[in-house]
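Asker: Handing over work15.pdb, PDB, C-alpha atoms and all ligand atoms.
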```pdb
ATOM      1  CA  MET A  16     205.806 -31.912  88.716
ATOM      2  CA  LYS A  17     208.082 -28.863  88.463
ATOM      3  CA  LYS A  18     206.577 -25.690  87.094
ATOM      4  CA  LEU A  19     208.351 -23.060  85.088
ATOM      5  CA  VAL A  20     207.444 -19.797  83.463
ATOM      6  CA  ILE A  21     209.222 -18.309  80.430
ATOM      7  CA  LEU A  22     209.890 -14.576  80.042
ATOM      8  CA  ALA A  23     210.568 -13.393  76.488
ATOM      9  CA  SER A  24     210.672 -10.042  74.677
ATOM     10  CA  GLY A  25     211.208 -11.013  71.047
ATOM     11  CA  SER A  26     210.627 -13.606  68.387
ATOM     12  CA  GLY A  27     210.469 -16.406  70.917
ATOM     13  CA  SER A  28     212.216 -19.168  68.998
ATOM     14  CA  ASN A  29     213.920 -20.337  72.208
ATOM     15  CA  ALA A  30     210.629 -20.163  74.081
ATOM     16  CA  GLU A  31     209.005 -22.345  71.422
ATOM     17  CA  ASN A  32     211.895 -24.804  71.522
ATOM     18  CA  ILE A  33     211.617 -25.131  75.310
ATOM     19  CA  ILE A  34     207.817 -25.494  75.216
ATOM     20  CA  THR A  35     208.070 -28.204  72.552
ATOM     21  CA  TYR A  36     210.823 -30.027  74.434
ATOM     22  CA  PHE A  37     208.808 -30.284  77.652
ATOM     23  CA  LYS A  38     205.435 -30.886  75.993
ATOM     24  CA  ASP A  39     205.557 -34.646  76.289
ATOM     25  CA  ARG A  40     207.554 -34.818  79.495
ATOM     26  CA  ASP A  41     205.152 -34.952  82.400
ATOM     27  CA  VAL A  42     207.803 -34.062  85.007
ATOM     28  CA  VAL A  43     208.079 -30.440  83.901
ATOM     29  CA  GLN A  44     205.251 -28.088  83.040
ATOM     30  CA  VAL A  45     205.692 -24.760  81.263
ATOM     31  CA  THR A  46     202.781 -22.920  82.853
ATOM     32  CA  CYS A  47     202.829 -19.787  80.693
ATOM     33  CA  VAL A  48     204.897 -17.238  78.808
ATOM     34  CA  LEU A  49     205.129 -13.630  79.923
ATOM     35  CA  THR A  50     206.242 -10.756  77.735
ATOM     36  CA  ASN A  51     206.916  -7.059  78.195
ATOM     37  CA  LYS A  52     206.305  -6.365  74.500
ATOM     38  CA  ALA A  53     202.754  -6.374  73.146
ATOM     39  CA  SER A  54     203.988  -6.940  69.569
ATOM     40  CA  ALA A  55     206.505  -9.677  70.423
ATOM     41  CA  GLY A  56     206.554 -12.601  67.988
ATOM     42  CA  VAL A  57     206.500 -14.953  70.953
ATOM     43  CA  LEU A  58     202.781 -14.177  71.432
ATOM     44  CA  LYS A  59     201.904 -15.561  67.978
ATOM     45  CA  ARG A  60     203.982 -18.650  68.662
ATOM     46  CA  CYS A  61     202.141 -19.228  71.944
ATOM     47  CA  GLN A  62     198.808 -18.910  70.200
ATOM     48  CA  ARG A  63     199.858 -21.585  67.707
ATOM     49  CA  LEU A  64     201.162 -23.803  70.517
ATOM     50  CA  ALA A  65     198.067 -23.266  72.706
ATOM     51  CA  MET A  66     200.346 -21.958  75.432
ATOM     52  CA  PRO A  67     198.885 -19.306  77.787
ATOM     53  CA  ALA A  68     200.739 -16.020  77.303
ATOM     54  CA  PHE A  69     200.379 -12.670  79.037
ATOM     55  CA  TYR A  70     201.669  -9.168  78.417
ATOM     56  CA  PHE A  71     202.689  -6.864  81.268
ATOM     57  CA  ASN A  72     203.726  -3.229  81.046
ATOM     58  CA  ARG A  73     206.384  -1.243  82.888
ATOM     59  CA  HIS A  74     203.907  -0.005  85.476
ATOM     60  CA  ALA A  75     202.868  -3.543  86.435
ATOM     61  CA  TYR A  76     206.517  -4.599  86.547
ATOM     62  CA  ASP A  77     207.613  -1.696  88.721
ATOM     63  CA  ASN A  78     204.692  -2.139  91.097
ATOM     64  CA  GLY A  79     205.421  -5.737  91.993
ATOM     65  CA  GLN A  80     202.466  -7.160  90.095
ATOM     66  CA  LEU A  81     204.658  -9.569  88.168
ATOM     67  CA  LEU A  82     206.054 -10.933  91.427
ATOM     68  CA  LYS A  83     202.522 -11.391  92.772
ATOM     69  CA  PHE A  84     201.513 -13.207  89.599
ATOM     70  CA  LEU A  85     204.542 -15.516  89.810
ATOM     71  CA  ALA A  86     203.736 -16.326  93.432
ATOM     72  CA  SER A  87     200.125 -17.102  92.529
ATOM     73  CA  GLN A  88     201.325 -19.611  89.903
ATOM     74  CA  GLU A  89     203.541 -21.420  92.457
ATOM     75  CA  ILE A  90     206.337 -21.758  89.955
ATOM     76  CA  ASP A  91     209.700 -23.383  90.670
ATOM     77  CA  PHE A  92     211.829 -21.710  87.989
ATOM     78  CA  ILE A  93     211.837 -18.581  85.835
ATOM     79  CA  ILE A  94     213.434 -19.059  82.437
ATOM     80  CA  LEU A  95     214.561 -16.012  80.483
ATOM     81  CA  ALA A  96     214.575 -16.561  76.718
ATOM     82  CA  GLY A  97     215.497 -13.276  75.070
ATOM     83  CA  PHE A  98     213.959 -11.189  77.857
ATOM     84  CA  LEU A  99     215.480  -7.724  77.710
ATOM     85  CA  TRP A 100     214.495  -5.945  80.932
ATOM     86  CA  LYS A 101     216.691  -6.174  83.962
ATOM     87  CA  ILE A 102     215.161  -8.509  86.552
ATOM     88  CA  SER A 103     214.075  -6.419  89.513
ATOM     89  CA  GLU A 104     215.653  -6.920  92.907
ATOM     90  CA  ASP A 105     212.415  -8.132  94.543
ATOM     91  CA  ILE A 106     212.144 -10.939  91.985
ATOM     92  CA  VAL A 107     215.847 -11.867  92.268
ATOM     93  CA  ASN A 108     215.468 -12.040  96.061
ATOM     94  CA  ALA A 109     212.283 -14.111  95.892
ATOM     95  CA  TYR A 110     213.843 -16.695  93.528
ATOM     96  CA  PRO A 111     217.507 -17.186  94.515
ATOM     97  CA  ASN A 112     219.211 -19.494  91.988
ATOM     98  CA  LYS A 113     215.830 -20.109  90.387
ATOM     99  CA  ILE A 114     216.088 -17.603  87.549
ATOM    100  CA  VAL A 115     218.085 -18.697  84.523
ATOM    101  CA  ASN A 116     219.134 -16.685  81.480
ATOM    102  CA  ILE A 117     220.725 -17.560  78.161
ATOM    103  CA  HIS A 118     223.184 -15.108  76.658
ATOM    104  CA  PRO A 119     224.313 -15.402  73.015
ATOM    105  CA  ALA A 120     228.059 -15.076  73.678
ATOM    106  CA  LEU A 121     230.799 -16.411  75.899
ATOM    107  CA  LEU A 122     230.389 -14.299  79.034
ATOM    108  CA  PRO A 123     232.035 -12.347  80.567
ATOM    109  CA  LYS A 124     232.768 -11.145  77.035
ATOM    110  CA  TYR A 125     230.023  -9.245  75.217
ATOM    111  CA  GLY A 126     227.688  -8.921  78.205
ATOM    112  CA  GLY A 127     226.047  -6.010  79.981
ATOM    113  CA  LYS A 128     223.404  -3.435  79.171
ATOM    114  CA  GLY A 129     222.709  -3.026  75.453
ATOM    115  CA  MET A 130     224.400  -6.322  74.605
ATOM    116  CA  TYR A 131     221.584  -8.457  73.273
ATOM    117  CA  GLY A 132     220.637 -10.306  70.106
ATOM    118  CA  SER A 133     222.223  -8.971  66.912
ATOM    119  CA  HIS A 134     224.222  -6.297  68.801
ATOM    120  CA  VAL A 135     226.245  -9.098  70.350
ATOM    121  CA  HIS A 136     226.941 -10.852  67.042
ATOM    122  CA  GLU A 137     227.881  -7.573  65.315
ATOM    123  CA  ALA A 138     230.379  -6.787  68.087
ATOM    124  CA  VAL A 139     231.837 -10.301  67.904
ATOM    125  CA  LYS A 140     232.272  -9.944  64.122
ATOM    126  CA  ALA A 141     233.741  -6.420  64.400
ATOM    127  CA  ASN A 142     236.374  -7.714  66.813
ATOM    128  CA  ASN A 143     237.348 -10.576  64.465
ATOM    129  CA  GLU A 144     236.749 -13.189  67.130
ATOM    130  CA  THR A 145     237.570 -16.725  66.062
ATOM    131  CA  GLU A 146     234.947 -18.280  68.327
ATOM    132  CA  THR A 147     231.731 -17.421  70.095
ATOM    133  CA  GLY A 148     229.045 -19.409  71.862
ATOM    134  CA  ILE A 149     226.328 -19.414  74.483
ATOM    135  CA  THR A 150     226.294 -18.894  78.218
ATOM    136  CA  ILE A 151     223.523 -20.204  80.461
ATOM    137  CA  HIS A 152     223.705 -18.552  83.861
ATOM    138  CA  PHE A 153     221.804 -17.752  87.031
ATOM    139  CA  VAL A 154     220.403 -14.243  87.210
ATOM    140  CA  ASN A 155     221.480 -11.816  89.886
ATOM    141  CA  GLU A 156     220.854  -8.087  90.253
ATOM    142  CA  ASN A 157     223.398  -7.148  87.538
ATOM    143  CA  TYR A 158     223.068  -7.765  83.796
ATOM    144  CA  ASP A 159     224.820 -10.988  82.732
ATOM    145  CA  GLU A 160     226.863 -11.362  85.923
ATOM    146  CA  GLY A 161     225.252 -14.298  87.732
ATOM    147  CA  ASN A 162     227.064 -17.604  88.193
ATOM    148  CA  ILE A 163     227.703 -19.492  84.974
ATOM    149  CA  ILE A 164     225.988 -22.872  84.683
ATOM    150  CA  PHE A 165     227.036 -23.915  81.187
ATOM    151  CA  GLN A 166     228.871 -22.680  78.089
ATOM    152  CA  ALA A 167     229.163 -24.101  74.582
ATOM    153  CA  ARG A 168     231.417 -22.827  71.802
ATOM    154  CA  THR A 169     231.362 -22.555  68.035
ATOM    155  CA  LYS A 170     234.086 -21.509  65.598
ATOM    156  CA  ILE A 171     233.845 -18.364  63.492
ATOM    157  CA  SER A 172     235.492 -18.148  60.063
ATOM    158  CA  MET A 173     236.439 -15.031  58.086
ATOM    159  CA  GLU A 174     233.429 -15.630  55.814
ATOM    160  CA  ASP A 175     230.955 -15.539  58.672
ATOM    161  CA  THR A 176     228.702 -12.485  58.953
ATOM    162  CA  ALA A 177     226.771 -11.325  62.015
ATOM    163  CA  GLU A 178     223.787 -13.204  60.542
ATOM    164  CA  THR A 179     225.593 -16.522  60.102
ATOM    165  CA  ILE A 180     227.139 -16.135  63.561
ATOM    166  CA  ALA A 181     223.599 -15.661  64.918
ATOM    167  CA  GLU A 182     222.506 -18.867  63.179
ATOM    168  CA  LYS A 183     225.370 -20.844  64.726
ATOM    169  CA  VAL A 184     224.588 -19.449  68.160
ATOM    170  CA  HIS A 185     220.865 -20.173  67.817
ATOM    171  CA  ALA A 186     221.676 -23.777  66.906
ATOM    172  CA  LEU A 187     223.668 -24.108  70.145
ATOM    173  CA  GLU A 188     220.814 -22.512  72.110
ATOM    174  CA  TYR A 189     218.213 -24.914  70.719
ATOM    175  CA  GLU A 190     220.457 -27.921  71.363
ATOM    176  CA  HIS A 191     221.425 -27.111  74.943
ATOM    177  CA  TYR A 192     218.976 -24.788  76.727
ATOM    178  CA  PRO A 193     216.107 -27.263  77.288
ATOM    179  CA  LYS A 194     218.511 -30.013  78.420
ATOM    180  CA  ILE A 195     220.269 -27.741  80.907
ATOM    181  CA  ILE A 196     216.901 -26.602  82.295
ATOM    182  CA  GLU A 197     215.854 -30.238  82.674
ATOM    183  CA  LYS A 198     219.069 -31.017  84.578
ATOM    184  CA  LEU A 199     218.612 -28.014  86.847
ATOM    185  CA  LEU A 200     215.096 -29.102  87.656
ATOM    186  CA  GLY A 201     216.505 -32.429  88.762
ATOM    187  CA  ASN A 202     215.101 -34.511  85.962
ATOM    188  CA  GLY A 203     218.041 -34.638  83.561
TER     189      GLY A 203
HETATM  190  C1  LIG B 301     218.607 -15.336  71.847
HETATM  191  O1  LIG B 301     219.701 -15.478  70.993
HETATM  192  C2  LIG B 301     219.079 -15.059  73.263
HETATM  193  O2  LIG B 301     220.286 -15.672  73.575
HETATM  194  C3  LIG B 301     219.232 -13.562  73.218
HETATM  195  O3  LIG B 301     218.133 -13.101  72.494
HETATM  196  C4  LIG B 301     217.810 -14.072  71.492
HETATM  197  C5  LIG B 301     216.328 -14.289  71.526
HETATM  198  O4  LIG B 301     215.927 -15.013  70.404
HETATM  199  N1  LIG B 301     219.276 -13.014  74.560
HETATM  200  C6  LIG B 301     219.999 -11.944  74.848
HETATM  201  O5  LIG B 301     220.650 -11.327  74.027
HETATM  202  C7  LIG B 301     219.948 -11.540  76.313
HETATM  203  N2  LIG B 301     220.963 -10.567  76.608
HETATM  204  P1  LIG B 301     214.499 -15.712  70.395
HETATM  205  O6  LIG B 301     213.482 -14.639  70.785
HETATM  206  O7  LIG B 301     214.301 -16.160  68.972
HETATM  207  O8  LIG B 301     214.534 -16.843  71.374
END
```
Rewrite the coordinates I just gave you, this time as structure tokens.
Ligand code: GAR
Answerer:
Amino acid sequence: MKKLVILASGSGSNAENIITYFKDRDVVQVTCVLTNKASAGVLKRCQRLAMPAFYFNRHAYDNGQLLKFLASQEIDFIILAGFLWKISEDIVNAYPNKIVNIHPALLPKYGGKGMYGSHVHEAVKANNETETGITIHFVNENYDEGNIIFQARTKISMEDTAETIAEKVHALEYEHYPKIIEKLLGNG
């Protein structure tokens, strides 16, 4: 049994999709969800899904308490699903090639600090891109710069808005993220 933990800062639709995907697969266990935002929608989702979820603040993060918690859970992988803080160096070093992020664009384009969620889709639209997509990648000490594991693309038409681009990208995320995680864990 491989154990993973999900880190999320927002609505948590990807977190829910991953939890649901692995629910009936007894080779992978999502042990809990961790969030840095007390009002994050992901907490409500976890309540509905009966998934343990915990909030941590900046102080706990900066003082290595998150790392201690992760070690105590004996987890194999850390999955970022809309988690917006930079992963600290001590965590990156403790989990080499074991932390995975999803980014809602085709990296290296539209990555880096401040490039998250709707900001990404607005920038893609403003630049009249004809395609966008998702990037699943390992996490290193720099935002959105770790080795790329997987990308998927979707076309953008003139009629698309930042909102419809977001919908297309979310659809790709829901389709691919759980399957790529399963493969990485050696069960795909
Ligand atoms: C997702 O689209 C994810 O790719 C993005 O945040 C959204 C979270 O949605 N992540 C980033 O932008 C990271 N830079 P969700 O909370 O509904 O899963």
Asker: I'd like to see the residues matched by the PyMOL selection byres (((chain A and resi 170-181) around 7) and not hetatm) on this file, and ideally I'd get them as a PDB file with C-alpha atoms, keeping the file's coordinate frame.
Answerer:
```pdb
ATOM      1  CA  HIS A 136     226.941 -10.852  67.042  1.00  0.00           C
ATOM      2  CA  GLU A 137     227.881  -7.573  65.315  1.00  0.00           C
ATOM      3  CA  LYS A 140     232.272  -9.944  64.122  1.00  0.00           C
ATOM      4  CA  GLU A 144     236.749 -13.189  67.130  1.00  0.00           C
ATOM      5  CA  THR A 145     237.570 -16.725  66.062  1.00  0.00           C
ATOM      6  CA  GLU A 146     234.947 -18.280  68.327  1.00  0.00           C
ATOM      7  CA  THR A 147     231.731 -17.421  70.095  1.00  0.00           C
ATOM      8  CA  ARG A 168     231.417 -22.827  71.802  1.00  0.00           C
ATOM      9  CA  THR A 169     231.362 -22.555  68.035  1.00  0.00           C
ATOM     10  CA  GLU A 182     222.506 -18.867  63.179  1.00  0.00           C
ATOM     11  CA  LYS A 183     225.370 -20.844  64.726  1.00  0.00           C
ATOM     12  CA  VAL A 184     224.588 -19.449  68.160  1.00  0.00           C
ATOM     13  CA  HIS A 185     220.865 -20.173  67.817  1.00  0.00           C
TER      14      HIS A 185
END
```
Asker: Point out the residue among A:Phe98, A:Tyr36, A:Phe69, A:Tyr125 with the least atom-to-atom distance to ligand LIG 301 (chain B), counting all atoms listed in the file.
Answerer: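 Residue with the minimum atom-to-atom distance to ligand LIG 301 (chain B): A:Phe98.
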Asker: Translate the PyMOL selection byres (((chain A and resi 95-97) around 12) and not hetatm), as applied to the file shown, into an explicit residue set as a CSV table (one decimal) with C-alpha atoms, keeping the file's coordinate frame.
Answerer:
```csv
chain,number,residue,atom,x,y,z
A,19,LEU,CA,208.4,-23.1,85.1
A,20,VAL,CA,207.4,-19.8,83.5
A,21,ILE,CA,209.2,-18.3,80.4
A,22,LEU,CA,209.9,-14.6,80.0
A,23,ALA,CA,210.6,-13.4,76.5
A,24,SER,CA,210.7,-10.0,74.7
A,25,GLY,CA,211.2,-11.0,71.0
A,26,SER,CA,210.6,-13.6,68.4
A,27,GLY,CA,210.5,-16.4,70.9
A,28,SER,CA,212.2,-19.2,69.0
A,29,ASN,CA,213.9,-20.3,72.2
A,30,ALA,CA,210.6,-20.2,74.1
A,31,GLU,CA,209.0,-22.3,71.4
A,32,ASN,CA,211.9,-24.8,71.5
A,33,ILE,CA,211.6,-25.1,75.3
A,34,ILE,CA,207.8,-25.5,75.2
A,48,VAL,CA,204.9,-17.2,78.8
A,49,LEU,CA,205.1,-13.6,79.9
A,50,THR,CA,206.2,-10.8,77.7
A,51,ASN,CA,206.9,-7.1,78.2
A,52,LYS,CA,206.3,-6.4,74.5
A,55,ALA,CA,206.5,-9.7,70.4
A,56,GLY,CA,206.6,-12.6,68.0
A,57,VAL,CA,206.5,-15.0,71.0
A,92,PHE,CA,211.8,-21.7,88.0
A,93,ILE,CA,211.8,-18.6,85.8
A,94,ILE,CA,213.4,-19.1,82.4
A,98,PHE,CA,214.0,-11.2,77.9
A,99,LEU,CA,215.5,-7.7,77.7
A,100,TRP,CA,214.5,-5.9,80.9
A,101,LYS,CA,216.7,-6.2,84.0
A,102,ILE,CA,215.2,-8.5,86.6
A,113,LYS,CA,215.8,-20.1,90.4
A,114,ILE,CA,216.1,-17.6,87.5
A,115,VAL,CA,218.1,-18.7,84.5
A,116,ASN,CA,219.1,-16.7,81.5
A,117,ILE,CA,220.7,-17.6,78.2
A,118,HIS,CA,223.2,-15.1,76.7
A,119,PRO,CA,224.3,-15.4,73.0
A,130,MET,CA,224.4,-6.3,74.6
A,131,TYR,CA,221.6,-8.5,73.3
A,132,GLY,CA,220.6,-10.3,70.1
A,133,SER,CA,222.2,-9.0,66.9
A,151,ILE,CA,223.5,-20.2,80.5
A,152,HIS,CA,223.7,-18.6,83.9
A,153,PHE,CA,221.8,-17.8,87.0
A,154,VAL,CA,220.4,-14.2,87.2
A,159,ASP,CA,224.8,-11.0,82.7
A,185,HIS,CA,220.9,-20.2,67.8
A,188,GLU,CA,220.8,-22.5,72.1
A,189,TYR,CA,218.2,-24.9,70.7
A,192,TYR,CA,219.0,-24.8,76.7
A,193,PRO,CA,216.1,-27.3,77.3
A,196,ILE,CA,216.9,-26.6,82.3
```
Asker: Select, from A:Met66, A:Leu58, A:Leu199, A:Ile106, the residue with the minimum atom-to-atom distance to ligand LIG 301 (chain B), counting only C-alpha atoms and all ligand atoms.
Answerer: A:Leu58
Asker: Between atom N2 of ligand LIG 301 (chain B) and atom CA of Thr150 of chain A, measure the distance and give it in Å to one decimal.
Answerer: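 It comes out at 10.0 Å.
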Asker: Could you tell me how far atom CA of Lys194 of chain A sits from atom CA of Ala68 of chain A, in Å to one decimal place?
Answerer: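 Result for atom CA of Ala68 of chain A versus atom CA of Lys194 of chain A: 22.6 Å, one decimal.
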